[in-house]
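Asker: Here's a structure for you.
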Amino acid sequence: MIKIPANYFDGHSALAIKAELRLQENGECQLLWDDVQYDFVWTEAELSPALGKTARILRLPNGAKCEISDLMVLARMEAQQQAKQKSRGLLYWVNQMESRWHFIVITVVLVIGLAFGMVGYGLPALSKSVALALPISIDQRLSEGAAGLIESELFKPSELPLERQQAIATEFIRIINQLNDEHSFSLIFRKGLAANAFAFPSGIILVTDDLVNLAQTDAEVVGVLLHEAGHVVNRHGLQLLLQSSAVTLLVTAITGDFSASTGFIAALPMLLLKKGYSRDLEREADDFVLEYMKAQGLSTQPFADMLQRISQNHEHTDSIWQYTSSHPATGERISRLRQVVP
Ligand SMILES: [Zn+2]
């Protein structure tokens, strides 16, 4: 408790009455004069601003007032009560937050949802617009690792007759040359990885012996090659790389481990091979086949037949390099292709 002398004015007469003001730590005050005691709370009274050495006036809740001359002690009172208000304010805030914990939970859920939404939806859309805006020369750089992969122990030289290779290549190049696109397409035949085909961003398309042997006509192989060309034209390799890099950059930013973010460009061919494209990108590559063949007056039937044959073929193999594993929902795709047959 702090005590301080005061001059009390009752509000009716100009007569000053000698009084004593007592301030409890909890903010309760007693004003004592003669044998009278008036109780009030500090925060309900109003203290005039400090002006040099002049006495300050404390206006009481009942309309009366006190004049206080001991400015030092008054300042102590003020400081004590201000500190109390501050800590009360903090407690109030914590209490408010506690009572709104469900609001915090919702916020956290929203933020996590937004992050996943960004990776699931925003990121693919962003990667697409960025990929399509970047120059074609980047696709060339992205395919620098292709040669290493093609010549790796995953593949052996093709055992297909040269005439068959040439017939397929000639037909594919004839059709793709009608396309107004800056990529330069080329075909590479290799043995290995079951019935498979994949495109590098530069336009190199690798097709395996098993896939060619599975086809009943060259048109079926060409259908698959056009699908791969659809990945090239739509810059899907670059999109995949941008997405993977973005996720890695995000992880890097959070963990501070920069070792994970290097070597991306070199890793792209392997990324394509192992991870494959999303269902949306596969659909886009199919759309390319549909539109392009329609424009060329060609039937999509052979491509549909080929997809069916590949998926049936893989039901009897346990190859991890399944064409169908990286090309999901084959049944749905086949029926789409059949519907648009001219
Ligand atoms: Zn594909």
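Residues are referred to by chain and number: the chain letter is A, B, ... according to the order shown in the structure tokens, the number counts from 1 in that chain, and ligands are numbered separately from 1 in the order shown.
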What are the nearest atom pairs, with distances in Å to one decimal, for all residues of chain A that come at most 7 Å from ligand 1, using only C-alpha atoms and all ligand atoms, set out by chain and rising residue number as a tab-separated table?

Answerer:
residue	atom	partner	partner_atom_place_in_ligand_line	distance
A:His227	CA	ligand 1	1 (Zn)	6.2
A:Glu228	CA	ligand 1	1 (Zn)	5.8
A:His231	CA	ligand 1	1 (Zn)	6.6
A:Tyr277	CA	ligand 1	1 (Zn)	6.6
A:Glu282	CA	ligand 1	1 (Zn)	4.8
A:Ala285	CA	ligand 1	1 (Zn)	6.3
A:His327	CA	ligand 1	1 (Zn)	5.6

Asker: Export C-alpha atoms of the chosen residues as a PDB file, in the first residue's frame?

Answerer:
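What landed in out.pdb:
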ATOM      1  CA  HIS A 227       1.800 -39.277 -77.716  1.00  0.00           C
ATOM      2  CA  GLU A 228       5.438 -38.861 -76.685  1.00  0.00           C
ATOM      3  CA  HIS A 231       4.849 -34.475 -74.038  1.00  0.00           C
ATOM      4  CA  TYR A 277       3.968 -37.715 -65.685  1.00  0.00           C
ATOM      5  CA  GLU A 282      -0.905 -37.765 -69.898  1.00  0.00           C
ATOM      6  CA  ALA A 285      -0.412 -35.696 -74.503  1.00  0.00           C
ATOM      7  CA  HIS A 327       0.554 -43.817 -67.957  1.00  0.00           C
TER       8      HIS A 327
END

Asker: Go through stretch 200-236 of chain A residue by residue and, counting only C-alpha atoms, keep those with an atom at most 12 Å from stretch 157-162 of chain A; for each kept residue give the shortest atom pair and its distance in Å to one decimal, ordered by chain and increasing number, as a tab-separated table.

Answerer:
residue	atom	partner	partner_atom	distance
A:Leu206	CA	A:Ser158	CA	10.8
A:Val207	CA	A:Ser158	CA	9.5
A:Thr208	CA	A:Ser158	CA	7.6
A:Asp209	CA	A:Ser158	CA	6.3
A:Asp210	CA	A:Leu160	CA	9.5
A:Leu211	CA	A:Leu160	CA	10.9
A:Val212	CA	A:Leu160	CA	8.4
A:Asn213	CA	A:Leu160	CA	8.5

Asker: Keeping only C-alpha atoms, take the residues you just selected and write them out as a PDB file, in the first residue's frame.

Answerer:
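Listing of again15.pdb after writing:
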ATOM      1  CA  LEU A 206      13.369 -43.638 -77.277  1.00  0.00           C
ATOM      2  CA  VAL A 207      11.303 -46.664 -78.210  1.00  0.00           C
ATOM      3  CA  THR A 208      12.045 -50.216 -77.085  1.00  0.00           C
ATOM      4  CA  ASP A 209      12.123 -53.385 -79.200  1.00  0.00           C
ATOM      5  CA  ASP A 210       9.418 -54.950 -77.051  1.00  0.00           C
ATOM      6  CA  LEU A 211       7.019 -52.121 -77.839  1.00  0.00           C
ATOM      7  CA  VAL A 212       7.622 -52.374 -81.576  1.00  0.00           C
ATOM      8  CA  ASN A 213       7.268 -56.181 -81.442  1.00  0.00           C
TER       9      ASN A 213
END

Asker: Choose the residue, out of A:Ala14, A:Met77, A:Ala295, A:Ala304, that has the smallest atom-to-atom separation from A:Ala64; count only C-alpha atoms.

Answerer: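 Nearest to A:Ala64: A:Ala14.
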
Asker: Would you kindly return, as a list in words, each protein, DNA or RNA residue with an atom no farther than 10 Å from any atom of stretch 82-87 of chain A, considering only C-alpha atoms and excluding same-chain residues fewer than 3 positions away?

Answerer: Glu25, Asn26, Gly27, Thr43, Arg76, Met77, Glu78, Ala79, Leu90, Leu91, Tyr92 and Trp93 of chain A

Asker: Would you write out those residues with C-alpha atoms, as a PDB file, in the first residue's frame?

Answerer:
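Output saved as again.pdb:
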ATOM      1  CA  GLU A  25      -1.604  -2.855  -5.040  1.00  0.00           C
ATOM      2  CA  ASN A  26      -4.794  -4.273  -6.553  1.00  0.00           C
ATOM      3  CA  GLY A  27      -5.933  -0.755  -7.514  1.00  0.00           C
ATOM      4  CA  THR A  43      -8.872   3.197 -12.860  1.00  0.00           C
ATOM      5  CA  ARG A  76       5.243   5.831  -8.039  1.00  0.00           C
ATOM      6  CA  MET A  77       1.521   5.145  -7.666  1.00  0.00           C
ATOM      7  CA  GLU A  78       0.970   5.831 -11.339  1.00  0.00           C
ATOM      8  CA  ALA A  79       3.839   3.590 -12.427  1.00  0.00           C
ATOM      9  CA  LEU A  90      -1.255  -9.429 -21.678  1.00  0.00           C
ATOM     10  CA  LEU A  91      -3.250 -11.888 -19.594  1.00  0.00           C
ATOM     11  CA  TYR A  92      -6.401 -10.669 -21.275  1.00  0.00           C
ATOM     12  CA  TRP A  93      -4.845 -11.230 -24.697  1.00  0.00           C
TER      13      TRP A  93
END

Asker: Taking 4 positions as the minimum chain separation for residues in the same chain, which residues sit within 8 Å of A:Ile176 when counting only C-alpha atoms? Answer as a list in words.

Answerer: Phe172, Phe185 and Leu226 of chain A

Asker: Can you pull out every residue from stretch 20-229 of chain A that DSSP, working from the backbone, puts in strand (DSSP E or B), and format the result as an MDAnalysis selection string?

Answerer: chainID A and resid 20:23 28:33 36:41 46:47 56:59 65:68 156:157 186:191 197:199 204:208

Asker: Measure the distance from atom CA of A:Gly297 to atom CA of A:Leu132 in Å and round it to one decimal.

Answerer: 27.3 Å

Asker: Quick one: residues within 12 Å of A:Ala45, only C-alpha atoms, excluding same-chain residues fewer than 3 positions away - as a list of chain:residue names?

Answerer: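 Those residues are A:Leu23, A:Gly27, A:Glu28, A:Cys29, A:Gln30, A:Leu31, A:Asp39, A:Phe40, A:Val41, A:Trp42, A:Ser48, A:Ile57, A:Leu58, A:Arg59, A:Leu60, A:Pro61, A:Asn62, A:Gly63, A:Ala64, A:Lys65, A:Cys66, A:Glu78.
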
Asker: Can I get the selection written as a PDB file, in the first residue's frame, with N, CA, C and O atoms?

Answerer:
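Below you can see selection.pdb, which holds the result:
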ATOM      1  N   LEU A  23      -3.449   3.792  -1.638  1.00  0.00           N
ATOM      2  CA  LEU A  23      -3.609   2.996  -2.854  1.00  0.00           C
ATOM      3  C   LEU A  23      -3.127   1.567  -2.583  1.00  0.00           C
ATOM      4  O   LEU A  23      -1.964   1.350  -2.224  1.00  0.00           O
ATOM      5  N   GLY A  27      -5.261  -1.880  -6.862  1.00  0.00           N
ATOM      6  CA  GLY A  27      -5.933  -0.755  -7.514  1.00  0.00           C
ATOM      7  C   GLY A  27      -7.054  -0.157  -6.686  1.00  0.00           C
ATOM      8  O   GLY A  27      -7.647   0.850  -7.085  1.00  0.00           O
ATOM      9  N   GLU A  28      -7.345  -0.766  -5.539  1.00  0.00           N
ATOM     10  CA  GLU A  28      -8.397  -0.199  -4.682  1.00  0.00           C
ATOM     11  C   GLU A  28      -7.836   0.989  -3.910  1.00  0.00           C
ATOM     12  O   GLU A  28      -6.701   0.942  -3.439  1.00  0.00           O
ATOM     13  N   CYS A  29      -8.647   2.058  -3.799  1.00  0.00           N
ATOM     14  CA  CYS A  29      -8.191   3.265  -3.107  1.00  0.00           C
ATOM     15  C   CYS A  29      -9.143   3.622  -1.950  1.00  0.00           C
ATOM     16  O   CYS A  29     -10.336   3.356  -2.031  1.00  0.00           O
ATOM     17  N   GLN A  30      -8.559   4.212  -0.919  1.00  0.00           N
ATOM     18  CA  GLN A  30      -9.360   4.784   0.161  1.00  0.00           C
ATOM     19  C   GLN A  30      -8.917   6.232   0.356  1.00  0.00           C
ATOM     20  O   GLN A  30      -7.718   6.500   0.391  1.00  0.00           O
ATOM     21  N   LEU A  31      -9.901   7.096   0.416  1.00  0.00           N
ATOM     22  CA  LEU A  31      -9.596   8.481   0.759  1.00  0.00           C
ATOM     23  C   LEU A  31     -10.149   8.739   2.159  1.00  0.00           C
ATOM     24  O   LEU A  31     -11.325   8.481   2.416  1.00  0.00           O
ATOM     25  N   ASP A  39     -14.321   5.000  -0.614  1.00  0.00           N
ATOM     26  CA  ASP A  39     -13.638   3.947  -1.385  1.00  0.00           C
ATOM     27  C   ASP A  39     -13.899   4.115  -2.878  1.00  0.00           C
ATOM     28  O   ASP A  39     -15.030   4.397  -3.288  1.00  0.00           O
ATOM     29  N   PHE A  40     -12.878   3.914  -3.641  1.00  0.00           N
ATOM     30  CA  PHE A  40     -13.040   3.893  -5.110  1.00  0.00           C
ATOM     31  C   PHE A  40     -11.920   3.067  -5.725  1.00  0.00           C
ATOM     32  O   PHE A  40     -11.023   2.589  -5.041  1.00  0.00           O
ATOM     33  N   VAL A  41     -12.001   2.907  -7.039  1.00  0.00           N
ATOM     34  CA  VAL A  41     -10.964   2.149  -7.762  1.00  0.00           C
ATOM     35  C   VAL A  41     -10.139   3.116  -8.600  1.00  0.00           C
ATOM     36  O   VAL A  41     -10.683   4.059  -9.177  1.00  0.00           O
ATOM     37  N   TRP A  42      -8.811   2.915  -8.575  1.00  0.00           N
ATOM     38  CA  TRP A  42      -7.858   3.820  -9.235  1.00  0.00           C
ATOM     39  C   TRP A  42      -8.232   4.096 -10.693  1.00  0.00           C
ATOM     40  O   TRP A  42      -8.226   5.217 -11.154  1.00  0.00           O
ATOM     41  N   SER A  48      -4.989  14.358 -13.602  1.00  0.00           N
ATOM     42  CA  SER A  48      -4.591  15.389 -14.574  1.00  0.00           C
ATOM     43  C   SER A  48      -3.145  15.152 -15.005  1.00  0.00           C
ATOM     44  O   SER A  48      -2.359  14.564 -14.272  1.00  0.00           O
ATOM     45  N   ILE A  57      -4.305  17.070 -10.062  1.00  0.00           N
ATOM     46  CA  ILE A  57      -5.675  16.881  -9.569  1.00  0.00           C
ATOM     47  C   ILE A  57      -6.143  15.463  -9.895  1.00  0.00           C
ATOM     48  O   ILE A  57      -6.015  14.998 -11.028  1.00  0.00           O
ATOM     49  N   LEU A  58      -6.670  14.785  -8.878  1.00  0.00           N
ATOM     50  CA  LEU A  58      -7.276  13.462  -9.097  1.00  0.00           C
ATOM     51  C   LEU A  58      -8.790  13.638  -8.995  1.00  0.00           C
ATOM     52  O   LEU A  58      -9.312  13.939  -7.920  1.00  0.00           O
ATOM     53  N   ARG A  59      -9.481  13.485 -10.142  1.00  0.00           N
ATOM     54  CA  ARG A  59     -10.942  13.592 -10.137  1.00  0.00           C
ATOM     55  C   ARG A  59     -11.536  12.254  -9.730  1.00  0.00           C
ATOM     56  O   ARG A  59     -11.258  11.227 -10.336  1.00  0.00           O
ATOM     57  N   LEU A  60     -12.346  12.260  -8.693  1.00  0.00           N
ATOM     58  CA  LEU A  60     -12.898  11.020  -8.139  1.00  0.00           C
ATOM     59  C   LEU A  60     -14.196  10.652  -8.839  1.00  0.00           C
ATOM     60  O   LEU A  60     -14.875  11.526  -9.410  1.00  0.00           O
ATOM     61  N   PRO A  61     -14.572   9.377  -8.802  1.00  0.00           N
ATOM     62  CA  PRO A  61     -15.798   8.921  -9.481  1.00  0.00           C
ATOM     63  C   PRO A  61     -17.050   9.654  -8.978  1.00  0.00           C
ATOM     64  O   PRO A  61     -18.010   9.784  -9.716  1.00  0.00           O
ATOM     65  N   ASN A  62     -17.036  10.145  -7.760  1.00  0.00           N
ATOM     66  CA  ASN A  62     -18.247  10.800  -7.213  1.00  0.00           C
ATOM     67  C   ASN A  62     -18.326  12.275  -7.564  1.00  0.00           C
ATOM     68  O   ASN A  62     -19.203  12.985  -7.085  1.00  0.00           O
ATOM     69  N   GLY A  63     -17.373  12.786  -8.362  1.00  0.00           N
ATOM     70  CA  GLY A  63     -17.407  14.182  -8.785  1.00  0.00           C
ATOM     71  C   GLY A  63     -16.538  15.107  -7.940  1.00  0.00           C
ATOM     72  O   GLY A  63     -16.241  16.224  -8.346  1.00  0.00           O
ATOM     73  N   ALA A  64     -16.121  14.617  -6.767  1.00  0.00           N
ATOM     74  CA  ALA A  64     -15.226  15.409  -5.934  1.00  0.00           C
ATOM     75  C   ALA A  64     -13.807  15.296  -6.483  1.00  0.00           C
ATOM     76  O   ALA A  64     -13.563  14.558  -7.416  1.00  0.00           O
ATOM     77  N   LYS A  65     -12.865  16.085  -5.904  1.00  0.00           N
ATOM     78  CA  LYS A  65     -11.494  15.962  -6.386  1.00  0.00           C
ATOM     79  C   LYS A  65     -10.475  16.143  -5.276  1.00  0.00           C
ATOM     80  O   LYS A  65     -10.777  16.680  -4.214  1.00  0.00           O
ATOM     81  N   CYS A  66      -9.263  15.671  -5.583  1.00  0.00           N
ATOM     82  CA  CYS A  66      -8.151  15.768  -4.647  1.00  0.00           C
ATOM     83  C   CYS A  66      -7.018  16.501  -5.324  1.00  0.00           C
ATOM     84  O   CYS A  66      -6.761  16.298  -6.504  1.00  0.00           O
ATOM     85  N   GLU A  78       1.349   5.912  -9.930  1.00  0.00           N
ATOM     86  CA  GLU A  78       0.970   5.831 -11.339  1.00  0.00           C
ATOM     87  C   GLU A  78       1.698   4.674 -12.038  1.00  0.00           C
ATOM     88  O   GLU A  78       1.087   3.876 -12.746  1.00  0.00           O
TER      89      GLU A  78
END

Asker: Nearest to A:Lys128: which of A:Leu242, A:Val224, A:Ile334, A:Met1 is it, counting only C-alpha atoms?

Answerer: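 Looking at the shortest contact to A:Lys128, the residue is A:Leu242.
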
Asker: When you look at A:Ala50 with a cut-off of 12 Å (counting only C-alpha atoms), what residues show up, excluding the ones that are within fewer than 2 positions of it in the same chain? I need them as a count of residues only.

Answerer: 17
